[in-house]
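Coordinates as given in protein_29.cif (mmCIF, C-alpha atoms and all ligand atoms):
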data_start
#
loop_
_atom_site.label_atom_id
_atom_site.label_comp_id
_atom_site.auth_asym_id
_atom_site.auth_seq_id
_atom_site.Cartn_x
_atom_site.Cartn_y
_atom_site.Cartn_z
CA MET I 1 -35.07 13.59 -7.86
CA LYS I 2 -34.01 12.90 -11.41
CA LYS I 3 -34.39 9.43 -12.94
CA VAL I 4 -31.53 7.67 -14.70
CA LEU I 5 -31.65 4.53 -16.81
CA VAL I 6 -28.35 2.64 -16.66
CA THR I 7 -27.65 -0.04 -19.26
CA GLY I 8 -25.01 -2.52 -18.14
CA GLY I 9 -25.47 -1.31 -14.57
CA ALA I 10 -24.76 -4.80 -13.21
CA GLY I 11 -21.31 -4.77 -14.78
CA TYR I 12 -17.98 -3.66 -13.38
CA ILE I 13 -18.03 0.04 -14.27
CA GLY I 14 -21.81 0.44 -14.43
CA SER I 15 -22.24 -0.91 -10.89
CA HIS I 16 -19.79 1.66 -9.48
CA VAL I 17 -21.72 4.44 -11.23
CA VAL I 18 -25.04 3.06 -9.91
CA LYS I 19 -23.55 3.05 -6.40
CA GLN I 20 -22.59 6.72 -6.69
CA LEU I 21 -25.90 7.71 -8.30
CA GLY I 22 -27.74 5.90 -5.49
CA GLU I 23 -25.66 7.63 -2.82
CA LYS I 24 -26.67 10.95 -4.35
CA GLY I 25 -30.36 10.04 -4.29
CA TYR I 26 -31.04 9.51 -8.00
CA GLU I 27 -33.86 7.15 -8.95
CA ILE I 28 -32.30 4.30 -10.94
CA LEU I 29 -33.44 1.62 -13.34
CA VAL I 30 -30.74 -0.82 -14.42
CA ILE I 31 -31.14 -2.93 -17.53
CA ASP I 32 -28.58 -5.66 -18.04
CA ASN I 33 -28.59 -9.04 -19.79
CA LEU I 34 -26.32 -10.41 -17.02
CA SER I 35 -24.02 -11.92 -19.66
CA THR I 36 -21.06 -10.62 -17.68
CA GLY I 37 -22.84 -8.66 -14.96
CA HIS I 38 -24.16 -9.80 -11.57
CA LYS I 39 -27.43 -8.92 -9.88
CA GLU I 40 -25.59 -8.64 -6.54
CA ALA I 41 -23.56 -5.77 -8.02
CA VAL I 42 -26.63 -3.52 -8.24
CA LEU I 43 -26.59 -1.72 -4.88
CA TYR I 44 -29.35 0.79 -5.69
CA GLY I 45 -32.49 0.98 -7.82
CA GLU I 46 -34.31 -1.73 -9.72
CA LEU I 47 -32.77 -4.30 -12.09
CA GLN I 48 -34.55 -5.58 -15.20
CA VAL I 49 -32.84 -8.45 -17.01
CA VAL I 50 -33.15 -7.75 -20.71
CA ASP I 51 -30.91 -7.61 -23.77
CA LEU I 52 -30.67 -4.39 -25.79
CA GLU I 53 -31.29 -6.50 -28.86
CA GLU I 54 -34.90 -6.86 -27.64
CA LYS I 55 -35.87 -3.37 -28.66
CA ASP I 56 -39.60 -3.65 -27.89
CA LYS I 57 -39.00 -4.87 -24.34
CA VAL I 58 -36.44 -2.16 -23.70
CA GLN I 59 -38.71 0.49 -25.18
CA LYS I 60 -41.56 -0.56 -22.87
CA LEU I 61 -39.28 -0.33 -19.84
CA VAL I 62 -38.10 3.11 -20.93
CA ARG I 63 -41.65 4.30 -21.54
CA ASP I 64 -42.79 3.10 -18.12
CA PHE I 65 -39.78 4.52 -16.28
CA GLN I 66 -39.61 7.87 -18.11
CA PRO I 67 -35.93 8.53 -17.37
CA ASP I 68 -34.45 12.02 -17.54
CA ALA I 69 -31.19 10.56 -18.81
CA VAL I 70 -29.62 7.33 -20.02
CA MET I 71 -26.14 6.12 -19.15
CA HIS I 72 -24.99 3.42 -21.53
CA PHE I 73 -22.42 0.89 -20.27
CA ALA I 74 -23.70 -2.36 -21.77
CA ALA I 75 -20.97 -3.54 -24.15
CA SER I 76 -18.37 -6.18 -24.90
CA ILE I 77 -14.92 -5.00 -23.91
CA GLU I 78 -12.10 -7.40 -24.75
CA VAL I 79 -9.64 -6.23 -27.38
CA GLU I 80 -8.28 -9.68 -28.13
CA GLU I 81 -11.72 -11.28 -28.42
CA SER I 82 -12.83 -8.45 -30.70
CA VAL I 83 -10.07 -9.37 -33.15
CA ARG I 84 -11.36 -12.97 -33.22
CA LYS I 85 -15.08 -12.15 -33.12
CA PRO I 86 -15.56 -8.73 -34.75
CA LEU I 87 -19.25 -9.26 -35.50
CA LYS I 88 -19.99 -9.79 -31.81
CA TYR I 89 -18.50 -6.34 -31.16
CA TYR I 90 -20.29 -4.56 -33.99
CA LYS I 91 -23.56 -6.18 -32.85
CA ASN I 92 -23.28 -5.62 -29.10
CA ASN I 93 -21.52 -2.27 -29.15
CA THR I 94 -22.61 -0.55 -32.34
CA SER I 95 -25.90 -2.03 -33.48
CA ASN I 96 -27.38 -2.31 -29.96
CA THR I 97 -26.49 1.32 -29.31
CA ILE I 98 -28.43 2.27 -32.44
CA ASN I 99 -31.43 0.41 -30.98
CA LEU I 100 -31.06 2.39 -27.80
CA LEU I 101 -30.72 5.72 -29.60
CA GLN I 102 -33.84 4.95 -31.64
CA ILE I 103 -35.70 4.44 -28.38
CA LEU I 104 -34.34 7.68 -26.96
CA ASP I 105 -35.42 9.44 -30.13
CA GLU I 106 -38.92 7.98 -30.06
CA GLU I 107 -39.40 8.55 -26.32
CA ASN I 108 -37.83 12.03 -26.39
CA ILE I 109 -35.09 11.42 -23.87
CA ASN I 110 -32.43 14.00 -24.45
CA TYR I 111 -29.53 13.30 -22.10
CA PHE I 112 -27.07 10.53 -22.83
CA ILE I 113 -23.75 9.47 -21.33
CA PHE I 114 -21.70 7.10 -23.45
CA SER I 115 -18.89 4.73 -22.39
CA SER I 116 -16.23 5.18 -25.00
CA THR I 117 -12.63 4.10 -24.91
CA ALA I 118 -9.06 5.20 -25.52
CA ALA I 119 -8.99 2.35 -28.05
CA VAL I 120 -10.65 4.76 -30.52
CA TYR I 121 -7.24 6.47 -30.91
CA GLY I 122 -5.38 3.33 -31.95
CA GLU I 123 -1.62 3.94 -31.97
CA PRO I 124 -1.51 7.70 -31.29
CA GLU I 125 1.09 9.81 -33.08
CA LYS I 126 1.81 11.92 -30.01
CA LEU I 127 1.45 11.53 -26.25
CA PRO I 128 -0.40 12.30 -24.10
CA VAL I 129 -3.53 11.84 -26.19
CA LYS I 130 -5.87 14.78 -26.67
CA GLU I 131 -9.54 14.55 -27.58
CA ASP I 132 -9.05 16.21 -30.98
CA PHE I 133 -6.50 13.63 -32.16
CA PRO I 134 -7.61 11.57 -35.17
CA LEU I 135 -9.46 8.34 -34.49
CA ASN I 136 -7.58 5.35 -35.93
CA PRO I 137 -8.71 2.30 -33.98
CA ILE I 138 -6.49 -0.74 -34.56
CA ASN I 139 -8.95 -3.35 -33.32
CA PRO I 140 -12.69 -4.04 -33.76
CA TYR I 141 -13.41 -3.13 -30.14
CA GLY I 142 -12.11 0.42 -30.66
CA GLN I 143 -13.78 0.65 -34.05
CA SER I 144 -17.15 -0.45 -32.65
CA LYS I 145 -17.01 2.47 -30.19
CA ALA I 146 -15.63 4.94 -32.76
CA PHE I 147 -18.64 4.15 -34.97
CA VAL I 148 -20.96 5.05 -32.10
CA GLU I 149 -19.15 8.33 -31.52
CA LYS I 150 -19.73 9.24 -35.17
CA ILE I 151 -23.37 8.15 -34.95
CA LEU I 152 -23.84 10.28 -31.84
CA GLN I 153 -22.41 13.31 -33.61
CA ASP I 154 -24.68 12.84 -36.64
CA PHE I 155 -27.71 12.12 -34.47
CA ASN I 156 -27.03 15.26 -32.45
CA ASN I 157 -26.74 17.34 -35.62
CA ALA I 158 -30.19 16.13 -36.60
CA LYS I 159 -31.71 16.46 -33.12
CA LYS I 160 -30.69 19.73 -31.57
CA ASP I 161 -32.28 19.15 -28.15
CA PHE I 162 -30.22 16.00 -27.67
CA ARG I 163 -27.16 16.35 -25.41
CA TYR I 164 -24.53 13.69 -24.91
CA ILE I 165 -21.16 13.24 -23.29
CA SER I 166 -18.82 10.59 -24.56
CA LEU I 167 -16.17 9.50 -22.05
CA ARG I 168 -13.07 7.84 -23.44
CA TYR I 169 -11.81 5.52 -20.73
CA PHE I 170 -8.16 4.64 -20.40
CA ASN I 171 -7.39 1.54 -18.24
CA VAL I 172 -9.96 1.16 -15.49
CA ALA I 173 -9.03 -0.87 -12.41
CA GLY I 174 -9.57 -1.15 -8.66
CA ALA I 175 -12.74 -1.74 -6.67
CA ASP I 176 -15.10 -0.21 -4.15
CA GLU I 177 -13.16 0.80 -1.02
CA LYS I 178 -15.67 -1.00 1.21
CA GLY I 179 -15.36 -4.19 -0.86
CA ARG I 180 -19.04 -4.36 -1.84
CA ILE I 181 -18.49 -4.45 -5.61
CA GLY I 182 -15.61 -5.11 -7.99
CA GLN I 183 -14.62 -6.82 -11.20
CA SER I 184 -15.96 -10.36 -11.64
CA TYR I 185 -15.63 -11.93 -15.08
CA LYS I 186 -15.52 -15.65 -15.84
CA ASN I 187 -12.35 -15.32 -17.90
CA PRO I 188 -10.80 -11.99 -17.01
CA THR I 189 -8.23 -10.69 -19.47
CA HIS I 190 -7.29 -7.37 -17.87
CA LEU I 191 -3.79 -7.04 -16.51
CA ILE I 192 -4.39 -6.16 -12.85
CA THR I 193 -7.11 -8.78 -12.38
CA ARG I 194 -5.00 -11.47 -14.10
CA ALA I 195 -2.01 -10.57 -11.94
CA LEU I 196 -4.02 -10.74 -8.70
CA LYS I 197 -5.70 -14.01 -9.66
CA THR I 198 -2.27 -15.43 -10.42
CA ALA I 199 -1.12 -14.30 -6.97
CA LYS I 200 -4.16 -16.11 -5.54
CA GLY I 201 -3.20 -19.28 -7.39
CA GLU I 202 -6.12 -19.27 -9.83
CA TYR I 203 -3.67 -19.21 -12.73
CA GLU I 204 -0.31 -20.92 -12.94
CA LYS I 205 1.50 -17.83 -14.19
CA LEU I 206 1.05 -14.36 -15.59
CA TYR I 207 2.11 -13.75 -19.17
CA ILE I 208 3.61 -10.38 -20.09
CA PHE I 209 2.43 -9.86 -23.64
CA GLY I 210 5.28 -8.23 -25.53
CA THR I 211 8.63 -7.08 -24.18
CA ASP I 212 9.91 -5.63 -27.46
CA TYR I 213 7.79 -2.47 -27.56
CA PRO I 214 9.55 0.89 -27.98
CA THR I 215 9.21 1.72 -24.27
CA PRO I 216 11.89 1.99 -21.54
CA ASP I 217 11.38 -1.60 -20.29
CA GLY I 218 9.93 -3.02 -23.52
CA SER I 219 6.44 -3.70 -22.10
CA CYS I 220 3.32 -1.67 -22.94
CA ILE I 221 2.45 1.44 -20.95
CA ARG I 222 -1.10 2.21 -19.82
CA ASP I 223 -2.85 4.98 -17.87
CA PHE I 224 -4.64 3.17 -15.01
CA ILE I 225 -7.58 4.98 -13.42
CA HIS I 226 -9.47 3.91 -10.30
CA VAL I 227 -13.03 2.87 -11.07
CA ASP I 228 -14.50 5.24 -8.45
CA ASP I 229 -12.72 8.25 -9.97
CA LEU I 230 -14.04 7.15 -13.35
CA ALA I 231 -17.56 6.66 -11.95
CA ASP I 232 -17.47 10.11 -10.34
CA ALA I 233 -16.69 11.68 -13.73
CA HIS I 234 -19.95 10.20 -15.05
CA ILE I 235 -21.98 11.93 -12.36
CA VAL I 236 -20.12 15.18 -13.01
CA ALA I 237 -20.83 14.81 -16.76
CA LEU I 238 -24.50 14.03 -16.14
CA GLU I 239 -24.96 17.06 -13.91
CA TYR I 240 -23.15 19.21 -16.46
CA LEU I 241 -25.78 18.20 -19.05
CA PHE I 242 -28.65 18.74 -16.59
CA ASN I 243 -27.26 22.24 -15.95
CA GLY I 244 -27.35 23.13 -19.63
CA GLY I 245 -23.92 21.92 -20.76
CA GLU I 246 -23.33 21.17 -24.43
CA SER I 247 -22.54 17.78 -25.97
CA ASP I 248 -18.86 16.95 -25.69
CA ILE I 249 -16.17 14.27 -25.57
CA PHE I 250 -13.63 13.81 -22.77
CA ASN I 251 -10.67 11.58 -22.01
CA LEU I 252 -10.77 9.84 -18.66
CA GLY I 253 -7.37 8.93 -17.31
CA TYR I 254 -4.80 10.31 -14.88
CA GLY I 255 -2.38 11.65 -17.47
CA HIS I 256 0.52 9.35 -16.64
CA GLY I 257 1.17 5.68 -17.10
CA TYR I 258 2.82 2.55 -15.79
CA SER I 259 4.41 -0.23 -17.79
CA VAL I 260 3.07 -3.76 -17.59
CA LYS I 261 6.24 -4.74 -15.72
CA GLU I 262 5.77 -1.92 -13.20
CA VAL I 263 2.19 -3.05 -12.59
CA VAL I 264 3.37 -6.62 -12.06
CA ASN I 265 5.93 -5.44 -9.50
CA MET I 266 3.32 -3.39 -7.66
CA ALA I 267 0.95 -6.39 -7.64
CA LYS I 268 3.73 -8.47 -6.08
CA LYS I 269 4.37 -5.78 -3.46
CA VAL I 270 0.69 -5.34 -2.53
CA THR I 271 -0.04 -9.06 -2.32
CA GLY I 272 3.31 -10.01 -0.80
CA ILE I 273 3.37 -12.93 -3.25
CA ASP I 274 6.14 -13.48 -5.77
CA PHE I 275 3.88 -15.14 -8.35
CA PRO I 276 5.31 -16.70 -11.55
CA VAL I 277 5.62 -14.41 -14.57
CA GLU I 278 6.59 -15.35 -18.12
CA GLU I 279 7.50 -13.09 -21.03
CA ALA I 280 5.32 -13.91 -24.04
CA PRO I 281 4.77 -12.62 -27.60
CA ARG I 282 2.71 -9.47 -28.23
CA ARG I 283 -1.07 -9.74 -27.99
CA ALA I 284 -3.03 -8.81 -31.13
CA GLY I 285 -4.45 -5.29 -31.19
CA ASP I 286 -2.34 -3.72 -28.41
CA PRO I 287 -0.88 -0.22 -28.94
CA ALA I 288 2.49 0.36 -27.25
CA VAL I 289 1.56 3.36 -25.10
CA LEU I 290 -1.74 4.97 -24.15
CA ILE I 291 -1.74 7.99 -21.84
CA ALA I 292 -4.54 10.52 -21.52
CA ASP I 293 -4.30 14.25 -21.60
CA ASN I 294 -7.04 14.97 -19.04
CA THR I 295 -6.82 18.78 -19.15
CA LYS I 296 -10.15 19.11 -20.90
CA ILE I 297 -12.29 17.27 -18.35
CA ARG I 298 -10.50 18.97 -15.46
CA GLN I 299 -11.05 22.42 -16.93
CA LYS I 300 -14.48 22.11 -18.48
CA LEU I 301 -16.20 19.82 -15.99
CA GLY I 302 -14.05 20.54 -12.94
CA TRP I 303 -13.43 16.82 -12.43
CA LYS I 304 -10.57 16.00 -10.05
CA PRO I 305 -9.22 12.52 -9.35
CA LYS I 306 -9.10 11.35 -5.73
CA TYR I 307 -7.31 7.99 -6.08
CA ASP I 308 -4.39 8.66 -8.41
CA ASP I 309 -2.17 6.04 -6.79
CA LEU I 310 -1.35 2.66 -8.39
CA GLU I 311 -0.80 1.07 -4.98
CA TYR I 312 -4.29 2.12 -3.82
CA ILE I 313 -5.84 0.88 -7.06
CA ILE I 314 -4.22 -2.53 -6.69
CA LYS I 315 -4.96 -2.69 -2.93
CA THR I 316 -8.70 -2.17 -3.48
CA ALA I 317 -8.68 -4.74 -6.30
CA TRP I 318 -6.80 -7.21 -4.08
CA ASN I 319 -9.20 -6.65 -1.17
CA TRP I 320 -12.09 -7.41 -3.55
CA GLU I 321 -10.34 -10.44 -5.00
CA LEU I 322 -9.87 -11.93 -1.52
CA ASN I 323 -13.41 -11.18 -0.34
CA LYS I 324 -15.58 -11.34 -3.46
CA ARG I 325 -19.34 -11.42 -2.94
CA TYR I 326 -20.12 -12.66 -6.45
N1 LIG I 401 -1.39 -7.68 -20.43
C1 LIG I 401 -0.41 -8.63 -20.14
N2 LIG I 401 -0.79 -9.80 -19.54
C2 LIG I 401 -2.09 -10.07 -19.23
C3 LIG I 401 -3.08 -9.09 -19.52
C4 LIG I 401 -2.69 -7.92 -20.12
O1 LIG I 401 0.76 -8.44 -20.42
O2 LIG I 401 -2.37 -11.17 -18.71
C5 LIG I 401 -1.00 -6.42 -21.07
C6 LIG I 401 -1.67 -6.17 -22.41
O3 LIG I 401 -0.99 -6.80 -23.45
C7 LIG I 401 -1.62 -4.65 -22.49
C8 LIG I 401 -1.76 -4.21 -21.02
O4 LIG I 401 -1.41 -5.36 -20.25
O5 LIG I 401 -0.37 -4.24 -22.98
C9 LIG I 401 -3.17 -3.77 -20.67
O6 LIG I 401 -4.07 -4.75 -21.11
P1 LIG I 401 -5.54 -4.89 -20.55
O7 LIG I 401 -6.16 -6.09 -21.19
O8 LIG I 401 -5.50 -4.84 -19.05
O9 LIG I 401 -6.27 -3.55 -21.02
P2 LIG I 401 -6.41 -2.87 -22.49
O10 LIG I 401 -5.30 -1.88 -22.56
O11 LIG I 401 -6.32 -3.96 -23.52
O12 LIG I 401 -7.74 -2.23 -22.42
#

Representation of the structure as structure tokens:
Amino acid sequence: MKKVLVTGGAGYIGSHVVKQLGEKGYEILVIDNLSTGHKEAVLYGELQVVDLEEKDKVQKLVRDFQPDAVMHFAASIEVEESVRKPLKYYKNNTSNTINLLQILDEENINYFIFSSTAAVYGEPEKLPVKEDFPLNPINPYGQSKAFVEKILQDFNNAKKDFRYISLRYFNVAGADEKGRIGQSYKNPTHLITRALKTAKGEYEKLYIFGTDYPTPDGSCIRDFIHVDDLADAHIVALEYLFNGGESDIFNLGYGHGYSVKEVVNMAKKVTGIDFPVEEAPRRAGDPAVLIADNTKIRQKLGWKPKYDDLEYIIKTAWNWELNKRY
């Protein structure tokens, strides 16, 4: 069976991909610095705790493991923090990916799956967003990933045997249906997690950041995708490369969105708790609306979502929140 190295495999998205790779019988090595990940989240394969900054250590692990492909999730992911600490984002997301690509180059590993983000588009001119729209990130998080996309393109031009897929995630949420893994950050900033933790009483209230956006109810609109649909797309992309597919870039979202207020109402319905909500000023770096056009990944990779249902997404997240293992 093929061998896959997964960076950030102890994190929220990486751990769901590791679960699906493991279920399919892939041999897995996870490397993770556990800065936001958890060893309990790694359901399959081996975990080595190492930071991508430590290039020599990572290179030795790669040389010993001899992976057929690398899936790269290790990154910092908070838009608001990236505005305050841009260098952290350029270091962790851009510079550490260069380290990893140098290792791939030196060890001749030719298949690469990259976690990109809808934040590379910034404030799109038209909706839904297509892959060939211009990249105009409006925060350092999006820029740190857009830099990597450019680097990947240039690297691929220089190294013709190299094949990569870049997946631009919209808003990922939800948890494993069986409740084994889910999101677990010390200070979560994402909407659905914040809402559910407020319902649980961990926060006094939920702030709605911005109610003066040019949207029907004034709050931002996002395209929420269940983490297991997103994880499945990674396996589909990997197998596409293994079967001779060319390097490419795909959006990963459902193609329709919900406003922040609609999400809050659904969180209240699912939990049965009318938790306190307060309207607050806009958060730095937030575009008004982000919705994916997912035609390309459906057509070219044959990916099909299974959990396109906000209620299901929030139910699985709530089940995890109530029964967290880590
Ligand atoms: N949001 C909010 N309150 C929160 C967290 C998020 O109103 O406590 C809003 C945020 O301003 C954005 C949307 O929810 O408009 C999605 O934010 P999130 O951080 O979940 O994901 P992002 O789109 O930044 O990746």

Problem set entry | Surrounding residues as a PyMOL selection string, ligand LIG 401 (chain I), max 10 Å, all atoms listed in the file | chain I and resi 77-80+117-119+141-142+169-173+188-195+198+205-211+213+219-224+258-261+263-264+277-290

Problem set entry | Coordinates-based distance that separates CA of Ile113 (chain I) from CA of Tyr164 (chain I) (Å, one decimal) |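 Distance reported for this atom pair: 5.6 Å.
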
For this session: Could you please determine the separation between CA of Asp229 (chain I) and CA of Ile297 (chain I) in Å, to one decimal place?
Result: 12.3 Å

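When all atoms listed in the file are used to compute distances to Gly218 (chain I), the closest of the residues I:Ala69, I:Ala10, I:Tyr203, I:Glu262 turns out to be I:Glu262.
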
For this session: Rank nothing, just name the residue among I:Ser144, I:Gln153, I:Ser15, I:Ser184 nearest to Ser82 (chain I), using only C-alpha atoms.
Result: I:Ser144

Problem set entry | For Tyr307 (chain I), the nearest of the candidates I:Asp228, I:Glu40, I:Asp132, I:Asp176, counting all atoms listed in the file |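 Smallest distance to Tyr307 (chain I) is found for I:Asp228.
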
For this session: Write out as a PyMOL selection string each polymer residue whose atoms come within 8 Å of region 55-57 of chain I, counting all atoms listed in the file; drop sequence neighbours fewer than 2 positions from it.
Result: chain I and resi 50+52-53+59-61+99-100+103

Would you kindly identify which residues have an atom no farther than 8 Å from (-22.4, -5.5, -6.0), using only C-alpha atoms and the file's own coordinates, and write them out as a PDB file with C-alpha atoms, keeping the file's coordinate frame?
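Generated file (part.pdb):
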ATOM      1  CA  ALA I  10     -24.760  -4.800 -13.210  1.00  0.00           C
ATOM      2  CA  SER I  15     -22.240  -0.910 -10.890  1.00  0.00           C
ATOM      3  CA  HIS I  38     -24.160  -9.800 -11.570  1.00  0.00           C
ATOM      4  CA  LYS I  39     -27.430  -8.920  -9.880  1.00  0.00           C
ATOM      5  CA  GLU I  40     -25.590  -8.640  -6.540  1.00  0.00           C
ATOM      6  CA  ALA I  41     -23.560  -5.770  -8.020  1.00  0.00           C
ATOM      7  CA  VAL I  42     -26.630  -3.520  -8.240  1.00  0.00           C
ATOM      8  CA  LEU I  43     -26.590  -1.720  -4.880  1.00  0.00           C
ATOM      9  CA  ARG I 180     -19.040  -4.360  -1.840  1.00  0.00           C
ATOM     10  CA  ILE I 181     -18.490  -4.450  -5.610  1.00  0.00           C
ATOM     11  CA  GLY I 182     -15.610  -5.110  -7.990  1.00  0.00           C
ATOM     12  CA  ARG I 325     -19.340 -11.420  -2.940  1.00  0.00           C
ATOM     13  CA  TYR I 326     -20.120 -12.660  -6.450  1.00  0.00           C
TER      14      TYR I 326
END

Problem set entry | Counting only C-alpha atoms, the residue of I:Asn33, I:Thr316, I:Asn92, I:Asn108 that sits nearest Pro67 (chain I) |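 The closest residue to Pro67 (chain I) is I:Asn108.
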
Exercise. So, counting all atoms listed in the file, which residue among I:Ile313, I:Leu196, I:Ile31, I:Val6 is closest to Glu177 (chain I)?
Worked result: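 Closest to Glu177 (chain I) of all the choices is I:Ile313.
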
Exercise. Hey, which of I:Arg63, I:Ser35, I:Ile165, I:Ala74 ends up closest to Thr7 (chain I)? Count only C-alpha atoms.
Worked result: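 Selected residue with least distance to Thr7 (chain I): I:Ala74.
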
Problem set entry | Shell of 10 Å around Glu204 (chain I), all atoms listed in the file, local chain residues under 4 positions omitted, as a list in words | Lys197, Thr198, Ala199, Lys200, Phe275, Pro276 and Val277 of chain I

Problem set entry | Residues near region 120-131 of chain I, cut-off 8 Å, all atoms listed in the file, skip fewer than 2 positions along chain, as a PyMOL selection string | chain I and resi 116-118+133-139+142-143+145-146+249-251+255+287-294

Quick one: everything within 12 Å of Ala233 (chain I), counting all atoms listed in the file, minus sequence neighbours fewer than 5 positions away in the same chain. Send it as an mmCIF file with C-alpha atoms, keeping the file's coordinate frame.
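The file below, around.cif, is the result:
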data_model
loop_
_atom_site.group_PDB
_atom_site.id
_atom_site.type_symbol
_atom_site.label_atom_id
_atom_site.label_comp_id
_atom_site.auth_asym_id
_atom_site.auth_seq_id
_atom_site.Cartn_x
_atom_site.Cartn_y
_atom_site.Cartn_z
ATOM 1 C CA ILE I 13 -18.030 0.040 -14.270
ATOM 2 C CA HIS I 16 -19.790 1.660 -9.480
ATOM 3 C CA VAL I 17 -21.720 4.440 -11.230
ATOM 4 C CA GLN I 20 -22.590 6.720 -6.690
ATOM 5 C CA LEU I 21 -25.900 7.710 -8.300
ATOM 6 C CA ILE I 113 -23.750 9.470 -21.330
ATOM 7 C CA PHE I 114 -21.700 7.100 -23.450
ATOM 8 C CA SER I 115 -18.890 4.730 -22.390
ATOM 9 C CA ILE I 165 -21.160 13.240 -23.290
ATOM 10 C CA SER I 166 -18.820 10.590 -24.560
ATOM 11 C CA LEU I 167 -16.170 9.500 -22.050
ATOM 12 C CA ARG I 168 -13.070 7.840 -23.440
ATOM 13 C CA TYR I 169 -11.810 5.520 -20.730
ATOM 14 C CA ILE I 225 -7.580 4.980 -13.420
ATOM 15 C CA HIS I 226 -9.470 3.910 -10.300
ATOM 16 C CA VAL I 227 -13.030 2.870 -11.070
ATOM 17 C CA ASP I 228 -14.500 5.240 -8.450
ATOM 18 C CA LEU I 238 -24.500 14.030 -16.140
ATOM 19 C CA GLU I 239 -24.960 17.060 -13.910
ATOM 20 C CA TYR I 240 -23.150 19.210 -16.460
ATOM 21 C CA PHE I 250 -13.630 13.810 -22.770
ATOM 22 C CA ASN I 251 -10.670 11.580 -22.010
ATOM 23 C CA LEU I 252 -10.770 9.840 -18.660
ATOM 24 C CA GLY I 253 -7.370 8.930 -17.310
ATOM 25 C CA ASN I 294 -7.040 14.970 -19.040
ATOM 26 C CA ILE I 297 -12.290 17.270 -18.350
ATOM 27 C CA ARG I 298 -10.500 18.970 -15.460
ATOM 28 C CA LYS I 300 -14.480 22.110 -18.480
ATOM 29 C CA LEU I 301 -16.200 19.820 -15.990
ATOM 30 C CA GLY I 302 -14.050 20.540 -12.940
ATOM 31 C CA TRP I 303 -13.430 16.820 -12.430
ATOM 32 C CA LYS I 304 -10.570 16.000 -10.050
ATOM 33 C CA PRO I 305 -9.220 12.520 -9.350
ATOM 34 C CA LYS I 306 -9.100 11.350 -5.730
#

Exercise. Just how far from CA of Tyr89 (chain I) is CA of Glu246 (chain I), in Å to one decimal?
Worked result: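 It comes out at 28.7 Å.
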